[in-house]
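Peer 1: Would you mind keeping the following structure in view while I ask a few things?
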Amino acid sequence: MLLGIWKNIEDLEMHINLNELEVILEAAREREHRNMKFMAAIQGIDIDKDNKEQAAAKFDEVQQRVQARLQGKSVEQLEYDELGLDVEIEE
């Protein structure tokens, strides 16, 4: 929780705790990201494109694991089934 009850910068440096520092750092990073995103958007560039693609790939991976677990198979077995391959896996 940010209290913001510092007299000056020196007082802030002497009395800030780790949680407050983390919040300030995260806010500064978010502000910088928004500024960079705005500047890129002016130039027609979507800087979050890679993040969206990574999120979609991660979602597909999780969805595939869930589907395999629901069917009582491994992810590899499910992939082989999708390809129409009959593979014997020795355990």
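In the structure tokens, the first chain shown is A, the next is B, and so on; residue numbers restart at 1 for each chain, and ligands run from 1 in the order shown.
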Fewer than 2 positions away in the same chain doesn't count, so skip those; otherwise give me all residues within 8 Å of stretch 28-37 of chain A, counting only C-alpha atoms, as a list in words.
Peer 2: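 My reading of the contact set: Ile24, Leu25, Glu26, Met39, Ala40, Ala41, Asp46, Ile47 and Asp48 of chain A.
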Peer 1: Write out as a ChimeraX atom specification the set of residues from chain A that DSSP, computed on the backbone, places in alpha helix (DSSP H).
Peer 2: /A:9-15,18-42,49-70,75-83
Peer 1: How many Å separate atom CA of A:Gln71 from atom CA of A:Phe59?
Peer 2: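 If I compute the distance from atom CA of A:Gln71 to atom CA of A:Phe59, I get 18.4 Å.
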